[in-house]
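**Q** Shown below is the structure under consideration.
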Amino acid sequence: MPVQGIRTVATNQNGLGAFIVQCKRLDLHYCDWYGSSRGMNSFLTSELLPRLSRMHPQVSIHISPRPNKHPVLRAHYINGREKAVCVRNLEKEQIMQKCELLVQSQGGKNRKIRGRNVLSENESVRGIWSPFHGGIKDV
Amino acid sequence: MKRLRLLRWSDTVLSPRTRPRTIISPQCQCRRWQSATHQPFLREAHSSKDVQGQVPDTLSEEHLLRLPSPPIQAASSSAKLAALHARLQLPSRLPLQVLARTLVDPSADPSPQFNNNPFSILGNDFLGYYTSEYIICRYPRLPLAVVFAAMYAYVGPKALAAITREWGVEAAAHPGGEVDPGYLQFRRVAPESDMGSKPSALISPMPDASSGWKRRGISSRTVHDDEFGDVRQSAKDKEASSTAIEGVTEEKASTNFVRALTGALYLHSGRAAVKSFFREHFMSRQLNIASLFNFRHPQRDLSRLCAREGFQSPVARIVSETGRKSRHPVFVIGVFSGHEKLGEGAGSSLDEARTCAAVAALKGWYLYSPTELRVPSEMEEPGARKWDRLLVDPGDIVV
């Protein structure tokens with residue numbers, strides 16, 4: 001039998017062609033009564049919220065009350081995970097920074113970048129080193 | 001060459017506003033508007049007349065529950081849909097209403113005026129054409145079984161389902177008029193229903209015993225089979241299966257969605273937009289073509305190939321070896337045709353090394369890639385250079 005083809009699926013390389021922002025939904029929770037929500041409430045009424053949604057149209061933003069609790073930001077990602085940040089007693093600019101942090105995140109667990117090897121899918125120009133070729137020493 | 005007339009081709013799916021007024025038929029009296037329209041044309045066409053059938057912007061809940069898929073008004077107010085539009089960086093010429101329609105599977109809404117079936121037929125042709133021309137021009141000597149495998153890896157149902165997931169498209173639990181139009185809408189298969197046989201993981205060039213009629217081999221598949229080397233369903237079978245099975249799998253619905261989006265993109269934004277969409281979302285995926293080969297008798301294949309090409313018959317010779325009598329011997333064997341070394345392989349036995357060498361030689365032949373990659377669809381662009389002839393292999397070896 002001549003050669004057969006093996007069925008696989010090509011793997012995604014996000015950002016090599018199109019870049020898909022991984023955050024798909026951002027929930028903003030506030031409380032009308034708690035003092036820790038003061039910054040959150042002013043964030044919701046300020047021009048920062050429209051600016052956030054203008055800058056990130058690919059994220060759907062949902063605002064809902066969470067009475068008698070601290071204000072919370074909760075981001076949902078394409079990989080199915082979610083990340084929540086408590087923003088009690090934060091100013092509206094700080095909340096904006098937290099929103100940016102969540103929107104720009106990949107959604108995976110935090111990992112150390114230092115000390116990891118960089119792996120490439122492409123073949124090296126020089127080829128793979130072989131122990132059987134070139135400069136074999138006789139012992 | 002005459003330019004293609006997009007508007008004339010796509011009358012049935014484009015906005016009725018782009019048609020001349022005279023064509024607007026009295027069918028606009030219907031209560032449901034076509035999903036592909038920008039604006040309900042009741043108001044536009046009959047603004048002077050008194051229309052009793054004016055439908056309010058927000059439909060009542062019981063009306064919504066009766067609809068098989070979300071109404072057209074819901075598209076402009078769906079945050080999920082707008083986010084998807086922005087996430088895929090779709091051109092603004094593709095309206096949200098059409099994007100909503102591409103998310104409606106035929107199993108959810110059987111009416112072809114409201115589901116994505118017309119778009120997906122068109123989109124499938126585009127995906128198949130662009131992928132196949134890329135693979136064949138990039139690797140002109142690939143055996144057909146591997147071409148089918150590569151097609152499957154780029155635009156097969158599994159790949160399109162993965163793409164749908166990576167785009168962040170979620171599936172609705174059940175389709176209906178009250179559902180947010182940003183969800184993928186399809187009727188699910190009932191549990192414990194018979195899904196038919198699982199497609200095999202290997203694409204074999206030999207005739208399949210299970211197919212009812214005698215097929216000669218791999219070459220007949222280019223004519224009789226679909227783009228992945230599977231037996232194409234005849235129209236009769238399709239009707240029988242559609243009546244027998246109510247729902248579809250999520251993989252099938254996702255496949256239809258991606259194809260439909262490609263087709264809708266062509267109708268609304270033209271060929272250049274589809275091509276860049278294809279390049280960015282499909283060709284940017286990583287696939288190692290060399291890993292798609294499964295050889296059974298590489299040495300026999302190699303000698304047949306050499307005979308066809310008029311090379312001297314291949315001979316395996318030991319290039320170097322170490323530790324023949326030890327526990328871990330290593331042999332490096334080269335396959336030579338005359339004085340030319342075709343391939344080389346290392347292994348712990350002479351047989352293994354010889355097989356590796358033959359595989360290396362075959363892959364070296366099959367994976368030839370010209371330095372300059374030009375595809376036939378480049379000629380459709382204005383100001384394209386003159387087309388040079390393209391090398392394509394005469395076909396598979398016969399053993």
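Within each chain, counting starts at residue 1; across the structure tokens, chains are named A, B, ... in the order shown, with ligands numbered 1 upward in that order.
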For the structure I just gave you, how does DSSP split segment 137-332 of chain B - specifically, which residues are alpha helix (DSSP H)? Reply as an NGL selection string.

**A** :B and (137-138 or 144-155 or 157-166 or 221-224 or 235-244 or 250-269 or 271-281 or 298-309)

**Q** Give as a PyMOL selection string every residue of chain B that touches chain A within 7 Å, counting only C-alpha atoms.

**A** chain B and resi 79-80+83-84+86-88+145-146+149+152-154+158-159+166-168+201-205+280-281+284-287+292-296+301+399

**Q** Dump N, CA and C atoms for the selected residues as an mmCIF file, in the first residue's frame?

**A**
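Writing done, so here's part31.cif:
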```cif
data_model
loop_
_atom_site.group_PDB
_atom_site.id
_atom_site.type_symbol
_atom_site.label_atom_id
_atom_site.label_comp_id
_atom_site.auth_asym_id
_atom_site.auth_seq_id
_atom_site.Cartn_x
_atom_site.Cartn_y
_atom_site.Cartn_z
ATOM 1 N N ALA B 79 -24.925 42.738 22.581
ATOM 2 C CA ALA B 79 -23.535 43.076 22.913
ATOM 3 C C ALA B 79 -22.593 41.969 22.460
ATOM 4 N N LYS B 80 -23.052 40.738 22.586
ATOM 5 C CA LYS B 80 -22.220 39.581 22.239
ATOM 6 C C LYS B 80 -21.880 39.578 20.751
ATOM 7 N N ALA B 83 -19.461 42.350 19.944
ATOM 8 C CA ALA B 83 -18.124 41.991 20.417
ATOM 9 C C ALA B 83 -17.469 40.987 19.477
ATOM 10 N N LEU B 84 -18.257 40.041 18.980
ATOM 11 C CA LEU B 84 -17.708 39.053 18.037
ATOM 12 C C LEU B 84 -17.256 39.724 16.741
ATOM 13 N N ALA B 86 -16.223 42.750 16.413
ATOM 14 C CA ALA B 86 -14.989 43.497 16.664
ATOM 15 C C ALA B 86 -13.817 42.548 16.897
ATOM 16 N N ARG B 87 -14.087 41.411 17.529
ATOM 17 C CA ARG B 87 -13.001 40.479 17.859
ATOM 18 C C ARG B 87 -12.385 39.901 16.595
ATOM 19 N N LEU B 88 -13.231 39.613 15.605
ATOM 20 C CA LEU B 88 -12.720 39.049 14.354
ATOM 21 C C LEU B 88 -12.236 40.130 13.405
ATOM 22 N N ALA B 145 -3.206 11.363 -1.058
ATOM 23 C CA ALA B 145 -3.703 11.055 0.282
ATOM 24 C C ALA B 145 -3.220 12.100 1.286
ATOM 25 N N VAL B 146 -1.993 12.571 1.099
ATOM 26 C CA VAL B 146 -1.454 13.581 2.016
ATOM 27 C C VAL B 146 -2.082 14.955 1.730
ATOM 28 N N ALA B 149 -5.212 14.877 3.559
ATOM 29 C CA ALA B 149 -4.965 15.024 4.996
ATOM 30 C C ALA B 149 -4.658 16.479 5.354
ATOM 31 N N TYR B 152 -7.788 18.478 5.281
ATOM 32 C CA TYR B 152 -8.566 18.190 6.485
ATOM 33 C C TYR B 152 -7.994 18.945 7.678
ATOM 34 N N ALA B 153 -6.656 19.045 7.740
ATOM 35 C CA ALA B 153 -6.037 19.713 8.884
ATOM 36 C C ALA B 153 -6.300 21.213 8.869
ATOM 37 N N TYR B 154 -6.402 21.799 7.679
ATOM 38 C CA TYR B 154 -6.611 23.253 7.615
ATOM 39 C C TYR B 154 -8.095 23.625 7.693
ATOM 40 N N LYS B 158 -13.120 19.274 11.988
ATOM 41 C CA LYS B 158 -12.486 19.394 13.312
ATOM 42 C C LYS B 158 -11.755 20.732 13.429
ATOM 43 N N ALA B 159 -11.056 21.113 12.355
ATOM 44 C CA ALA B 159 -10.305 22.371 12.390
ATOM 45 C C ALA B 159 -11.260 23.554 12.510
ATOM 46 N N GLU B 166 -11.906 28.969 19.255
ATOM 47 C CA GLU B 166 -10.854 29.956 19.490
ATOM 48 C C GLU B 166 -11.336 31.370 19.194
ATOM 49 N N TRP B 167 -12.396 31.518 18.437
ATOM 50 C CA TRP B 167 -12.984 32.833 18.221
ATOM 51 C C TRP B 167 -13.887 33.250 19.385
ATOM 52 N N GLY B 168 -14.110 32.348 20.317
ATOM 53 C CA GLY B 168 -14.943 32.685 21.461
ATOM 54 C C GLY B 168 -16.430 32.666 21.165
ATOM 55 N N ALA B 201 -8.890 7.531 11.044
ATOM 56 C CA ALA B 201 -7.825 8.512 11.269
ATOM 57 C C ALA B 201 -6.829 8.540 10.133
ATOM 58 N N LEU B 202 -6.901 7.545 9.251
ATOM 59 C CA LEU B 202 -5.970 7.470 8.137
ATOM 60 C C LEU B 202 -6.739 7.604 6.828
ATOM 61 N N ILE B 203 -6.134 8.278 5.874
ATOM 62 C CA ILE B 203 -6.725 8.352 4.543
ATOM 63 C C ILE B 203 -5.970 7.356 3.681
ATOM 64 N N SER B 204 -6.643 6.292 3.325
ATOM 65 C CA SER B 204 -5.977 5.227 2.598
ATOM 66 C C SER B 204 -6.224 5.386 1.108
ATOM 67 N N PRO B 205 -5.181 5.201 0.305
ATOM 68 C CA PRO B 205 -5.373 5.340 -1.140
ATOM 69 C C PRO B 205 -6.019 4.118 -1.771
ATOM 70 N N GLU B 280 -5.242 35.266 7.213
ATOM 71 C CA GLU B 280 -4.986 35.585 8.618
ATOM 72 C C GLU B 280 -5.525 34.520 9.566
ATOM 73 N N HIS B 281 -6.657 33.935 9.247
ATOM 74 C CA HIS B 281 -7.266 33.022 10.199
ATOM 75 C C HIS B 281 -6.990 31.552 9.912
ATOM 76 N N SER B 284 -2.469 31.034 8.828
ATOM 77 C CA SER B 284 -1.529 31.340 9.904
ATOM 78 C C SER B 284 -1.419 30.185 10.886
ATOM 79 N N ARG B 285 -2.233 29.164 10.716
ATOM 80 C CA ARG B 285 -2.171 28.025 11.626
ATOM 81 C C ARG B 285 -0.969 27.155 11.268
ATOM 82 N N GLN B 286 -0.452 26.476 12.279
ATOM 83 C CA GLN B 286 0.790 25.735 12.085
ATOM 84 C C GLN B 286 0.479 24.280 11.769
ATOM 85 N N LEU B 287 1.057 23.792 10.690
ATOM 86 C CA LEU B 287 0.875 22.388 10.333
ATOM 87 C C LEU B 287 2.182 21.872 9.768
ATOM 88 N N LEU B 292 2.386 14.174 8.268
ATOM 89 C CA LEU B 292 1.128 13.613 7.790
ATOM 90 C C LEU B 292 1.320 12.311 7.011
ATOM 91 N N PHE B 293 2.589 11.900 6.820
ATOM 92 C CA PHE B 293 2.845 10.700 6.025
ATOM 93 C C PHE B 293 2.777 9.454 6.898
ATOM 94 N N ASN B 294 2.200 8.407 6.362
ATOM 95 C CA ASN B 294 2.252 7.114 7.025
ATOM 96 C C ASN B 294 2.661 6.079 5.979
ATOM 97 N N PHE B 295 3.944 5.665 6.035
ATOM 98 C CA PHE B 295 4.453 4.726 5.045
ATOM 99 C C PHE B 295 4.278 3.303 5.549
ATOM 100 N N ARG B 296 3.903 2.408 4.634
ATOM 101 C CA ARG B 296 3.850 0.992 4.990
ATOM 102 C C ARG B 296 5.096 0.277 4.477
ATOM 103 N N ASP B 301 8.224 1.540 -2.134
ATOM 104 C CA ASP B 301 7.757 2.795 -2.749
ATOM 105 C C ASP B 301 8.908 3.537 -3.409
ATOM 106 N N VAL B 399 1.786 0.792 -7.071
ATOM 107 C CA VAL B 399 2.486 -0.393 -6.567
ATOM 108 C C VAL B 399 1.527 -1.574 -6.569
#
```

**Q** Check the DSSP output for the backbone and give back, as a list in words, the residues of segment 2-48 of chain A in strand (DSSP E or B).

**A**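 Checking each residue of segment 2-48 of chain A, the strand (DSSP E or B) ones are Gln4, Gly5, Ile6, Thr11, Cys23, Lys24, Arg25, Leu26, Asp27, Leu28, His29 and Tyr30 of chain A.
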
**Q** Those residues with all heavy atoms, as a compact mmCIF listing (two decimals), in the first residue's frame please?

**A**
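Just written: selection39.txt:
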```txt
# COMPACT_ATOMS: atom_id res chain seq x y z
N GLN A 4 -0.09 6.61 3.18
CA GLN A 4 -1.40 7.03 3.68
C GLN A 4 -1.27 8.40 4.32
O GLN A 4 -0.19 8.80 4.76
CB GLN A 4 -1.89 6.03 4.74
CG GLN A 4 -2.19 4.66 4.19
CD GLN A 4 -2.51 3.70 5.30
OE1 GLN A 4 -1.77 3.59 6.27
NE2 GLN A 4 -3.61 3.00 5.18
N GLY A 5 -2.37 9.12 4.37
CA GLY A 5 -2.38 10.43 5.04
C GLY A 5 -2.93 10.31 6.45
O GLY A 5 -3.88 9.57 6.68
N ILE A 6 -2.31 11.01 7.38
CA ILE A 6 -2.77 10.98 8.77
C ILE A 6 -3.60 12.22 9.04
O ILE A 6 -3.17 13.34 8.73
CB ILE A 6 -1.56 10.93 9.74
CG1 ILE A 6 -0.73 9.70 9.45
CG2 ILE A 6 -2.03 10.94 11.18
CD1 ILE A 6 0.55 9.65 10.23
N THR A 11 -2.54 23.61 14.28
CA THR A 11 -2.67 24.28 15.58
C THR A 11 -2.71 25.79 15.41
O THR A 11 -2.14 26.35 14.48
CB THR A 11 -1.50 23.92 16.51
OG1 THR A 11 -0.30 24.04 15.76
CG2 THR A 11 -1.64 22.51 17.02
N CYS A 23 -9.92 38.05 26.14
CA CYS A 23 -10.98 38.38 27.08
C CYS A 23 -12.26 38.63 26.28
O CYS A 23 -12.26 39.40 25.33
CB CYS A 23 -10.60 39.62 27.87
SG CYS A 23 -11.86 40.12 29.02
N LYS A 24 -13.33 37.95 26.65
CA LYS A 24 -14.55 38.16 25.86
C LYS A 24 -15.64 38.86 26.64
O LYS A 24 -16.61 39.33 26.06
CB LYS A 24 -15.04 36.84 25.28
CG LYS A 24 -15.38 35.79 26.30
CD LYS A 24 -15.84 34.53 25.59
CE LYS A 24 -16.11 33.47 26.62
NZ LYS A 24 -16.42 32.18 26.03
N ARG A 25 -15.54 38.88 27.94
CA ARG A 25 -16.62 39.49 28.71
C ARG A 25 -16.05 40.05 30.00
O ARG A 25 -15.20 39.43 30.63
CB ARG A 25 -17.68 38.43 29.01
CG ARG A 25 -18.76 38.91 29.92
CD ARG A 25 -19.75 37.78 30.20
NE ARG A 25 -20.63 38.22 31.27
CZ ARG A 25 -21.88 37.86 31.38
NH1 ARG A 25 -22.42 37.04 30.52
NH2 ARG A 25 -22.62 38.30 32.38
N LEU A 26 -16.52 41.23 30.39
CA LEU A 26 -16.06 41.86 31.63
C LEU A 26 -17.29 42.24 32.45
O LEU A 26 -18.16 42.98 31.98
CB LEU A 26 -15.24 43.10 31.29
CG LEU A 26 -14.54 43.82 32.44
CD1 LEU A 26 -13.52 42.91 33.08
CD2 LEU A 26 -13.85 45.07 31.93
N ASP A 27 -17.40 41.70 33.66
CA ASP A 27 -18.52 42.00 34.55
C ASP A 27 -18.05 43.02 35.58
O ASP A 27 -17.02 42.82 36.23
CB ASP A 27 -18.99 40.75 35.28
CG ASP A 27 -19.67 39.77 34.35
OD1 ASP A 27 -20.01 40.18 33.23
OD2 ASP A 27 -19.82 38.60 34.74
N LEU A 28 -18.81 44.10 35.71
CA LEU A 28 -18.50 45.09 36.75
C LEU A 28 -19.61 45.02 37.79
O LEU A 28 -20.78 45.19 37.46
CB LEU A 28 -18.43 46.50 36.16
CG LEU A 28 -17.57 46.71 34.91
CD1 LEU A 28 -17.69 48.13 34.42
CD2 LEU A 28 -16.13 46.41 35.22
N HIS A 29 -19.26 44.77 39.03
CA HIS A 29 -20.25 44.69 40.11
C HIS A 29 -20.04 45.85 41.06
O HIS A 29 -18.91 46.16 41.44
CB HIS A 29 -20.12 43.37 40.87
CG HIS A 29 -20.42 42.18 40.02
ND1 HIS A 29 -21.65 41.94 39.48
CD2 HIS A 29 -19.62 41.15 39.62
CE1 HIS A 29 -21.62 40.82 38.78
NE2 HIS A 29 -20.39 40.33 38.84
N TYR A 30 -21.12 46.51 41.48
CA TYR A 30 -21.02 47.65 42.38
C TYR A 30 -22.07 47.51 43.47
O TYR A 30 -22.97 46.67 43.38
CB TYR A 30 -21.24 48.95 41.61
CG TYR A 30 -22.65 49.08 41.07
CD1 TYR A 30 -23.63 49.78 41.77
CD2 TYR A 30 -23.00 48.50 39.85
CE1 TYR A 30 -24.92 49.88 41.29
CE2 TYR A 30 -24.27 48.59 39.36
CZ TYR A 30 -25.24 49.28 40.08
OH TYR A 30 -26.51 49.35 39.60
```

**Q** Fewer than 3 positions away in the same chain doesn't count, so skip those; otherwise give me all residues within 7 Å of Arg187 of chain B, counting only C-alpha atoms, as a PyMOL selection string.

**A** chain B and resi 107-108+174-175+247-248

**Q** Could those selected residues go to a file with N, CA and C atoms, as a PDB file, in the first residue's frame?

**A**
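So the final result, stored in result-v2.pdb, reads:
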```pdb
ATOM      1  N   SER B 107     -30.436  23.395  11.163  1.00  0.00           N
ATOM      2  CA  SER B 107     -31.200  22.561  12.090  1.00  0.00           C
ATOM      3  C   SER B 107     -32.036  23.416  13.041  1.00  0.00           C
ATOM      4  N   ALA B 108     -31.640  24.668  13.246  1.00  0.00           N
ATOM      5  CA  ALA B 108     -32.420  25.551  14.109  1.00  0.00           C
ATOM      6  C   ALA B 108     -33.565  26.188  13.333  1.00  0.00           C
ATOM      7  N   HIS B 174     -30.405  25.797  23.290  1.00  0.00           N
ATOM      8  CA  HIS B 174     -31.475  25.423  22.379  1.00  0.00           C
ATOM      9  C   HIS B 174     -31.810  26.659  21.547  1.00  0.00           C
ATOM     10  N   PRO B 175     -32.056  26.493  20.254  1.00  0.00           N
ATOM     11  CA  PRO B 175     -32.353  27.677  19.440  1.00  0.00           C
ATOM     12  C   PRO B 175     -33.754  28.214  19.716  1.00  0.00           C
ATOM     13  N   GLY B 247     -31.304  16.637  14.945  1.00  0.00           N
ATOM     14  CA  GLY B 247     -30.309  17.643  15.309  1.00  0.00           C
ATOM     15  C   GLY B 247     -28.963  17.415  14.639  1.00  0.00           C
ATOM     16  N   VAL B 248     -28.026  18.296  14.944  1.00  0.00           N
ATOM     17  CA  VAL B 248     -26.661  18.147  14.453  1.00  0.00           C
ATOM     18  C   VAL B 248     -25.714  18.262  15.638  1.00  0.00           C
TER      19      VAL B 248
END
```

**Q** When you look at Val258 of chain B with a cut-off of 7 Å (counting only C-alpha atoms), what residues show up, excluding the ones that are within fewer than 3 positions of it in the same chain? I need them as a list in words.

**A**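 Residues meeting the cut-off are Leu160, Thr164, Ser254, Thr255, Leu261 and Thr262 of chain B.
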
**Q** Using only C-alpha atoms, which protein or nucleic acid residues come within 10 Å of Arg271 of chain B? Drop anything in the same chain fewer than 6 positions from it, and give the result as a PyMOL selection string.

**A** chain B and resi 6+126+263+265+277+380-381
